[in-house]
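Here is the file model_4.cif (mmCIF, C-alpha atoms).
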data_structure
loop_
_atom_site.label_atom_id
_atom_site.label_comp_id
_atom_site.auth_asym_id
_atom_site.auth_seq_id
_atom_site.Cartn_x
_atom_site.Cartn_y
_atom_site.Cartn_z
CA GLY A 1 99.04 14.67 -73.56
CA PRO A 2 95.69 16.40 -73.28
CA TRP A 3 96.13 17.16 -69.58
CA TRP A 4 96.47 20.87 -70.29
CA ALA A 5 92.83 20.91 -71.42
CA PHE A 6 91.66 20.51 -67.84
CA GLY A 7 92.76 24.09 -67.15
CA PRO A 8 90.16 25.85 -69.29
CA LEU A 9 87.52 23.27 -68.41
CA ILE A 10 87.76 23.86 -64.65
CA ALA A 11 87.49 27.64 -65.10
CA PRO A 12 83.65 27.79 -64.97
CA ALA A 13 83.57 25.82 -61.71
CA LEU A 14 86.26 28.01 -60.17
CA ALA A 15 84.42 31.13 -61.35
CA ALA A 16 81.20 29.89 -59.73
CA GLY A 17 83.08 29.26 -56.47
CA ALA A 18 84.66 32.72 -56.60
CA LEU A 19 81.31 34.38 -57.25
CA ARG A 20 79.76 32.48 -54.35
CA MET A 21 82.63 33.55 -52.09
CA ALA A 22 82.23 37.17 -53.15
CA ARG A 23 78.52 37.20 -52.32
CA ARG A 24 78.55 35.28 -49.06
CA PRO A 25 76.94 37.02 -46.09
CA PRO A 26 78.93 38.15 -43.04
CA VAL A 27 79.99 35.59 -40.46
CA ASP A 28 77.16 34.43 -38.20
CA HIS A 29 78.70 34.27 -34.73
CA SER A 30 75.43 33.14 -33.13
CA LEU A 31 75.79 29.54 -34.37
CA PRO A 32 76.74 26.91 -31.77
CA LEU A 33 80.18 25.44 -31.27
CA PHE A 34 81.06 22.06 -32.76
CA ASP A 35 82.81 19.99 -30.11
CA THR A 36 85.74 17.89 -31.32
CA PRO A 37 88.41 15.93 -29.42
CA MET A 38 90.89 18.69 -30.25
CA GLY A 39 88.66 21.50 -29.01
CA ALA A 40 85.58 23.44 -29.95
CA ILE A 41 85.19 24.83 -33.46
CA PRO A 42 82.89 27.81 -33.98
CA MET A 43 80.42 26.86 -36.71
CA GLY A 44 79.82 30.39 -37.99
CA PRO A 45 83.36 31.02 -39.26
CA ALA A 46 83.68 27.40 -40.44
CA LEU A 47 80.54 27.61 -42.58
CA TRP A 48 81.57 31.05 -43.83
CA ALA A 49 84.98 29.74 -44.92
CA ALA A 50 83.45 26.70 -46.67
CA THR A 51 81.02 28.81 -48.73
CA GLY A 52 82.53 29.05 -52.20
CA PRO A 53 85.26 26.42 -52.13
CA ASP A 54 82.56 23.77 -51.72
CA LEU A 55 80.99 24.68 -55.07
CA ALA A 56 84.37 24.89 -56.79
CA LEU A 57 85.36 21.48 -55.43
CA LEU A 58 82.08 19.94 -56.52
CA GLY A 59 82.47 21.39 -60.02
CA CYS A 60 86.05 20.10 -60.31
CA LEU A 61 85.40 16.50 -59.23
CA PRO A 62 85.97 14.97 -62.69
CA ALA A 63 89.36 16.68 -62.97
CA LEU A 64 90.30 15.54 -59.48
CA ALA A 65 89.21 11.99 -60.32
CA ALA A 66 91.38 12.08 -63.44
CA LEU A 67 94.37 13.27 -61.43
CA VAL A 68 93.91 10.51 -58.88
CA THR A 69 93.26 7.62 -61.29
CA ARG A 70 95.64 8.83 -64.08
CA PRO A 71 93.82 7.23 -67.05
CA GLU A 72 95.71 6.67 -70.29
CA ASP A 73 92.99 8.44 -72.27
CA PRO A 74 91.41 11.22 -70.18
CA SER A 75 88.88 12.19 -72.87
CA GLY A 76 85.97 10.85 -70.81
CA HIS A 77 87.10 12.86 -67.82
CA LEU A 78 87.50 15.93 -70.04
CA ALA A 79 83.92 15.62 -71.27
CA ALA A 80 82.65 15.07 -67.73
CA GLN A 81 84.63 18.09 -66.54
CA ALA A 82 83.15 20.27 -69.27
CA VAL A 83 79.64 19.28 -68.21
CA ALA A 84 80.33 19.56 -64.46
CA GLY A 85 82.02 22.96 -64.73
CA LEU A 86 79.25 24.47 -66.81
CA ALA A 87 76.59 22.86 -64.62
CA ALA A 88 78.12 24.41 -61.51
CA LEU A 89 78.24 27.85 -63.10
CA PHE A 90 74.71 27.68 -64.52
CA ALA A 91 73.29 26.31 -61.26
CA TYR A 92 74.87 29.18 -59.32
CA ALA A 93 73.65 31.76 -61.84
CA TYR A 94 70.14 30.30 -61.87
CA ARG A 95 69.97 30.26 -58.06
CA GLN A 96 71.09 33.90 -57.89
CA ARG A 97 68.38 35.00 -60.32
CA ARG A 98 65.62 33.66 -58.06
#

File written out as structure tokens:
Amino acid sequence: GPWWAFGPLIAPALAAGALRMARRPPVDHSLPLFDTPMGAIPMGPALWAATGPDLALLGCLPALAALVTRPEDPSGHLAAQAVAGLAALFAYAYRQRR
């Protein structure tokens, strides 16, 4: 089927996430701890680690939805993935220009 087409269509979103990871600032160790039942989590390293994958995940949501729901005709998900991937990349590029 056309499932292979998701590969090239998620590339812009993954590229935007990789670019965001490459340009993230150093870890801010002055942020407070987040207290959980399993122990304290330092927020600086947690936010640092989430910078980049968050944009890639957001840009790949249509592909993830297609993998979860397994539609017979994924053409709607392919179109949505094309738009979401390019939107993530253009939004990152526009924000970096400012």

Minimum-distance residue to Asp54 (chain A), chosen among A:Ala11, A:Ala16, A:Ala93, A:Leu67 (using all atoms listed in the file):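 When distances to Asp54 (chain A) are compared using all atoms listed in the file, the smallest one comes from A:Ala16.
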
For Pro12 (chain A), please output as a PyMOL selection string all residues within 8 Å (counting only C-alpha atoms; exclusion window: fewer than 2 positions along the same chain). chain A and resi 9-10+14-16+85-86+88-89

Any chance you could resolve the PyMOL selection byres ((chain A and resi 59-61) around 7) against this file and give the residues as a list of chain:residue names?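 Evaluating the PyMOL selection byres ((chain A and resi 59-61) around 7) on this file yields A:Ile10, A:Ala13, A:Leu55, A:Ala56, A:Leu57, A:Leu58, A:Pro62, A:Ala63, A:Leu64, A:Ala65, A:Gln81, A:Ala84, A:Gly85, A:Ala88.
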
Those same residues, written as a CSV table (one decimal), in the coordinates of the input with C-alpha atoms?
chain,number,residue,atom,x,y,z
A,10,ILE,CA,87.8,23.9,-64.6
A,13,ALA,CA,83.6,25.8,-61.7
A,55,LEU,CA,81.0,24.7,-55.1
A,56,ALA,CA,84.4,24.9,-56.8
A,57,LEU,CA,85.4,21.5,-55.4
A,58,LEU,CA,82.1,19.9,-56.5
A,62,PRO,CA,86.0,15.0,-62.7
A,63,ALA,CA,89.4,16.7,-63.0
A,64,LEU,CA,90.3,15.5,-59.5
A,65,ALA,CA,89.2,12.0,-60.3
A,81,GLN,CA,84.6,18.1,-66.5
A,84,ALA,CA,80.3,19.6,-64.5
A,85,GLY,CA,82.0,23.0,-64.7
A,88,ALA,CA,78.1,24.4,-61.5

I'd like the interatomic distance between CA of Ser75 (chain A) and CA of Gly17 (chain A), to a tenth of an Å.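 Separation of CA of Ser75 (chain A) and CA of Gly17 (chain A): 24.4 Å.
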
Which polymer residues have any atom within 10 Å of an atom of region 23-29 of chain A, counting all atoms listed in the file, with same-chain residues fewer than 6 positions away left out, as a PyMOL selection string? chain A and resi 42-49+51-52+96

Rounded to one decimal place, report the CA of Arg70 (chain A)-CA of Ala5 (chain A) distance in Å.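 Atom-to-atom, CA of Arg70 (chain A) and CA of Ala5 (chain A) are spaced 14.4 Å apart.
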
Among the residues A:Ala91, A:Gly1, A:Pro53, A:Phe6, the one that comes closest to Ala66 (chain A) [using all atoms listed in the file]: A:Phe6

Expressed in Å, the length from CA of Trp3 (chain A) to CA of Phe90 (chain A) is 24.4 Å
